Amino acid sequence: MASHDDQARRDELYRDPYPLYARARRAGGLLYVPEFDAWLVARDRDVREVLLRAEDFSSANALLPDIPLTEAALGVLPRGFGPRPTVVSSDGGAHRRLRAPLNRGLSGARVAALLPYARACAEELADGIAADGAAELVEAYARRLPGMVVGRLIGLDPADVPAAVHGGYRAEELLFRPLPPEGQAAAAEDVVALQHLLDRYVRERRARPREDMCSAMVAALAPGDAELTLEQRHELVTNLQNLLIAGFLTTSALIGTALLHLLGDDGRQWRMLHDDPSLVPAAVEEAARHDTAIQAFRRTTTRPVALAGTELPAGATVMVAYGSANRDEERYERAGEFDITRPATRQHLAFGYGPHGCPGSRLAREQLRLTLELFLRRMPRLRLADDRPRPRMRPTLIHRSPQTLYVTW
């Protein structure tokens, strides 16, 4: 396990990776970063090249944990399900097979049908805080709305959503945050509980399919109507868990970080948005570009390759930094500035590119859009609380967001 000093250095780098990104973009080739144990791919053109060369840069280790598991955790996890390849960590035909039901379930029509529920949930959450005149928005809103929405998408009973979201956050904590052995074991217990919850839904939907994503994934990944094999259950639980976590972690981060930047700089851009709500679509895209929720994923070379003038052997790890590409000065004017008057473009890399482009990007965008419209209407004088320190970012690259966001209105 990393030493305390090593972990502290990594955490500070994760909280603010942008100076490192800028240095890497200026480098002649790729920059090796010991904290990542990987070569950093930082320029927009190089990131796009990697994402289009899936045969040379495998996704198999895309979500390699930062933290080794202790024997205590390893004693608990076998009571659950997985791990198996997911849409994030597979290539080629396997990736296309796992992605197909996601593409169908997250189509424009399916997302549009889900939006009235998302809007009703957002209104309910706003009702719970509006009378107070102050709130901590990460816990009260940003971490709750996406869980409610993805739970509905999957087909979870609303009563099961809080436990499912809790288990998802515990999975992220187990794999990416340093915990003592007893803490890892407790987190593993929560992950196993989530997996058994999802397995119950998988088996129920096999017996009685519904119009939800769980049923669609069962039908797509385990065709037929025979009783599910244990291996099929492992694959389905792993991929439902991935969908659940990806669905709420990144959207929660997008909402929290967007509000942070809109309310920063004395709230100038929030007031601008209030005065001209037609800027909301541009604000959504600028928030996604400027401080990308998923900062980076790993790729592994499948053979000796050259990239940006750097020769890499087979088996080398590269860290593909979407967050850096989105601030590439060669692609964007004033790339480091947050500016909602920037012409709206969806050409940034906040939701990936190529075969692994995020199938849920439309749903994430819509949740941020309806959040901004709701808050502009219900809390037009929203501002950062003066009596609280400036929000600090979470030390992670896979859901970059403020740890807390205290506001008043």
# chains A, B, ... in the order shown; residues from 1 in each chain; ligands from 1
>>> closest_atom_pairs(of="segment 34-113 of chain A", to="segment 189-192 of chain A", cutoff="12 Å", atoms="only C-alpha atoms", output="JSON lines")
{"residue": "A:Ala72", "atom": "CA", "partner": "A:Glu189", "partner_atom": "CA", "distance": 10.5}
{"residue": "A:Ala73", "atom": "CA", "partner": "A:Glu189", "partner_atom": "CA", "distance": 8.3}
{"residue": "A:Leu74", "atom": "CA", "partner": "A:Glu189", "partner_atom": "CA", "distance": 10.6}
{"residue": "A:Gly75", "atom": "CA", "partner": "A:Glu189", "partner_atom": "CA", "distance": 10.0}
{"residue": "A:Val76", "atom": "CA", "partner": "A:Glu189", "partner_atom": "CA", "distance": 6.4}
{"residue": "A:Leu77", "atom": "CA", "partner": "A:Val192", "partner_atom": "CA", "distance": 6.4}
{"residue": "A:Pro78", "atom": "CA", "partner": "A:Val192", "partner_atom": "CA", "distance": 8.4}
{"residue": "A:Arg79", "atom": "CA", "partner": "A:Val192", "partner_atom": "CA", "distance": 6.7}
{"residue": "A:Gly80", "atom": "CA", "partner": "A:Val192", "partner_atom": "CA", "distance": 4.7}
{"residue": "A:Phe81", "atom": "CA", "partner": "A:Val192", "partner_atom": "CA", "distance": 7.4}
{"residue": "A:Gly82", "atom": "CA", "partner": "A:Val192", "partner_atom": "CA", "distance": 10.0}
{"residue": "A:Pro83", "atom": "CA", "partner": "A:Val192", "partner_atom": "CA", "distance": 11.6}
>>> select_by_dssp(residues="segment 129-306 of chain A", states="helix (DSSP H, G or I)", output="VMD selection string")
chain A and resid 129 to 130 137 to 142 145 to 154 158 to 176 181 to 207 213 to 221 230 to 263 265 to 275 277 to 290
>>> residues_around(residues="Ser58 of chain A", least_positions_apart="4", cutoff="9 Å", atoms="only C-alpha atoms", output="list of chain:residue names")
A:Arg53, A:Ala54, A:Ala62, A:Ser89, A:Ser90, A:Asp91, A:Arg298, A:Arg299, A:Thr300, A:Thr301, A:Thr302
>>> residues_around(residues="Met319 of chain A", least_positions_apart="5", cutoff="10 Å", atoms="only C-alpha atoms", output="NGL selection string")
:A and (32-33 or 36-42 or 47 or 62 or 295-300)
>>> write_last_selection(atoms="N, CA, C and O atoms", output="compact mmCIF listing (two decimals), in the first residue's frame")
# COMPACT_ATOMS: atom_id res chain seq x y z
N TYR A 32 6.00 10.88 -18.49
CA TYR A 32 5.77 9.79 -17.54
C TYR A 32 5.49 10.38 -16.17
O TYR A 32 6.24 11.23 -15.68
N VAL A 33 4.41 9.92 -15.52
CA VAL A 33 3.99 10.45 -14.23
C VAL A 33 4.05 9.33 -13.19
O VAL A 33 3.22 8.41 -13.23
N PHE A 36 0.88 8.20 -11.32
CA PHE A 36 -0.06 7.40 -12.10
C PHE A 36 0.54 6.06 -12.50
O PHE A 36 -0.19 5.17 -12.93
N ASP A 37 1.87 5.95 -12.40
CA ASP A 37 2.60 4.80 -12.96
C ASP A 37 2.18 4.62 -14.41
O ASP A 37 1.87 3.52 -14.87
N ALA A 38 2.17 5.74 -15.15
CA ALA A 38 1.66 5.73 -16.52
C ALA A 38 2.21 6.92 -17.29
O ALA A 38 2.62 7.93 -16.71
N TRP A 39 2.18 6.78 -18.61
CA TRP A 39 2.49 7.89 -19.51
C TRP A 39 1.22 8.72 -19.69
O TRP A 39 0.16 8.18 -19.98
N LEU A 40 1.35 10.03 -19.53
CA LEU A 40 0.19 10.92 -19.57
C LEU A 40 -0.05 11.39 -21.01
O LEU A 40 0.82 12.00 -21.64
N VAL A 41 -1.24 11.11 -21.53
CA VAL A 41 -1.65 11.57 -22.86
C VAL A 41 -2.48 12.83 -22.64
O VAL A 41 -3.62 12.75 -22.17
N ALA A 42 -1.93 13.99 -22.96
CA ALA A 42 -2.49 15.26 -22.48
C ALA A 42 -3.05 16.15 -23.58
O ALA A 42 -3.89 17.01 -23.30
N VAL A 47 -5.09 12.40 -27.46
CA VAL A 47 -6.18 11.69 -26.79
C VAL A 47 -7.12 11.09 -27.82
O VAL A 47 -7.51 9.91 -27.74
N ALA A 62 -8.88 -0.21 -17.73
CA ALA A 62 -9.31 1.19 -17.68
C ALA A 62 -9.58 1.66 -16.26
O ALA A 62 -9.33 2.82 -15.92
N GLN A 295 -11.87 12.64 -15.39
CA GLN A 295 -10.66 13.30 -15.85
C GLN A 295 -9.81 12.41 -16.75
O GLN A 295 -9.19 12.89 -17.69
N ALA A 296 -9.76 11.12 -16.46
CA ALA A 296 -8.85 10.25 -17.20
C ALA A 296 -9.21 8.79 -17.00
O ALA A 296 -9.75 8.41 -15.95
N PHE A 297 -8.92 7.98 -18.01
CA PHE A 297 -8.99 6.53 -17.92
C PHE A 297 -7.66 5.95 -18.42
O PHE A 297 -6.99 6.56 -19.26
N ARG A 298 -7.33 4.79 -17.91
CA ARG A 298 -6.12 4.11 -18.37
C ARG A 298 -6.40 3.33 -19.65
O ARG A 298 -7.50 2.85 -19.88
N ARG A 299 -5.35 3.18 -20.46
CA ARG A 299 -5.32 2.26 -21.58
C ARG A 299 -3.97 1.52 -21.52
O ARG A 299 -2.99 2.05 -21.00
N THR A 300 -3.93 0.31 -22.09
CA THR A 300 -2.72 -0.51 -22.08
C THR A 300 -2.36 -0.87 -23.51
O THR A 300 -3.23 -1.34 -24.27
>>> residues_around(residues="Val138 of chain A", least_positions_apart="4", cutoff="9 Å", atoms="only C-alpha atoms", output="list of chain:residue names")
A:Ala142, A:Arg143, A:Arg144, A:Ser252, A:Ala253, A:Ile255, A:Gly256, A:Ser401, A:Pro402, A:Gln403, A:Thr404, A:Leu405, A:Tyr406
>>> select_by_dssp(residues="segment 37-222 of chain A", states="strand (DSSP E)", output="count of residues only")
9
>>> residues_around(residues="Gly29 of chain A", least_positions_apart="2", cutoff="7 Å", atoms="only C-alpha atoms", output="list in words")
Ala27, Leu31, Ala308, Gly309 and Thr310 of chain A
>>> closest_residue(among="A:Leu307, A:Ala163, A:Leu263, A:Val111", to="Asp386 of chain A", atoms="only C-alpha atoms")
A:Leu263
>>> residues_around(residues="Arg233 of chain A", least_positions_apart="6", cutoff="10 Å", atoms="only C-alpha atoms", output="list of chain:residue names")
A:Phe81, A:Gly82, A:Leu198, A:Asp199, A:Arg200, A:Val202, A:Arg203, A:Val218, A:Leu221, A:Ala222, A:Asn239
>>> write_last_selection(atoms="N, CA and C atoms", output="JSON list (two decimals), in the first residue's frame")
[["chain", "number", "residue", "atom", "x", "y", "z"],
["A", 81, "PHE", "N", -20.47, -10.90, -6.30],
["A", 81, "PHE", "CA", -20.44, -11.25, -7.71],
["A", 81, "PHE", "C", -19.30, -10.50, -8.41],
["A", 82, "GLY", "N", -18.83, -11.08, -9.53],
["A", 82, "GLY", "CA", -17.79, -10.44, -10.31],
["A", 82, "GLY", "C", -16.42, -10.71, -9.76],
["A", 198, "LEU", "N", -28.78, -6.31, -6.64],
["A", 198, "LEU", "CA", -28.89, -6.32, -8.10],
["A", 198, "LEU", "C", -29.17, -7.72, -8.61],
["A", 199, "ASP", "N", -28.58, -8.73, -8.00],
["A", 199, "ASP", "CA", -28.84, -10.10, -8.42],
["A", 199, "ASP", "C", -30.32, -10.45, -8.22],
["A", 200, "ARG", "N", -30.92, -9.96, -7.16],
["A", 200, "ARG", "CA", -32.35, -10.21, -6.94],
["A", 200, "ARG", "C", -33.17, -9.61, -8.09],
["A", 202, "VAL", "N", -32.09, -9.01, -11.14],
["A", 202, "VAL", "CA", -31.78, -9.78, -12.36],
["A", 202, "VAL", "C", -32.65, -11.03, -12.43],
["A", 203, "ARG", "N", -32.74, -11.77, -11.33],
["A", 203, "ARG", "CA", -33.52, -13.01, -11.33],
["A", 203, "ARG", "C", -35.02, -12.73, -11.44],
["A", 218, "VAL", "N", -30.85, -8.18, -19.21],
["A", 218, "VAL", "CA", -31.03, -9.63, -19.05],
["A", 218, "VAL", "C", -31.32, -10.28, -20.40],
["A", 221, "LEU", "N", -27.97, -9.93, -22.74],
["A", 221, "LEU", "CA", -26.74, -10.63, -22.35],
["A", 221, "LEU", "C", -26.98, -12.10, -22.00],
["A", 222, "ALA", "N", -28.24, -12.47, -21.80],
["A", 222, "ALA", "CA", -28.57, -13.88, -21.50],
["A", 222, "ALA", "C", -29.82, -14.26, -22.28],
["A", 239, "ASN", "N", -22.27, -5.71, -14.71],
["A", 239, "ASN", "CA", -22.58, -4.66, -15.67],
["A", 239, "ASN", "C", -23.70, -3.74, -15.19]]
>>> closest_residue(among="A:Leu125, A:Pro101, A:Pro65, A:Glu35", to="Glu173 of chain A", atoms="only C-alpha atoms")
A:Pro65
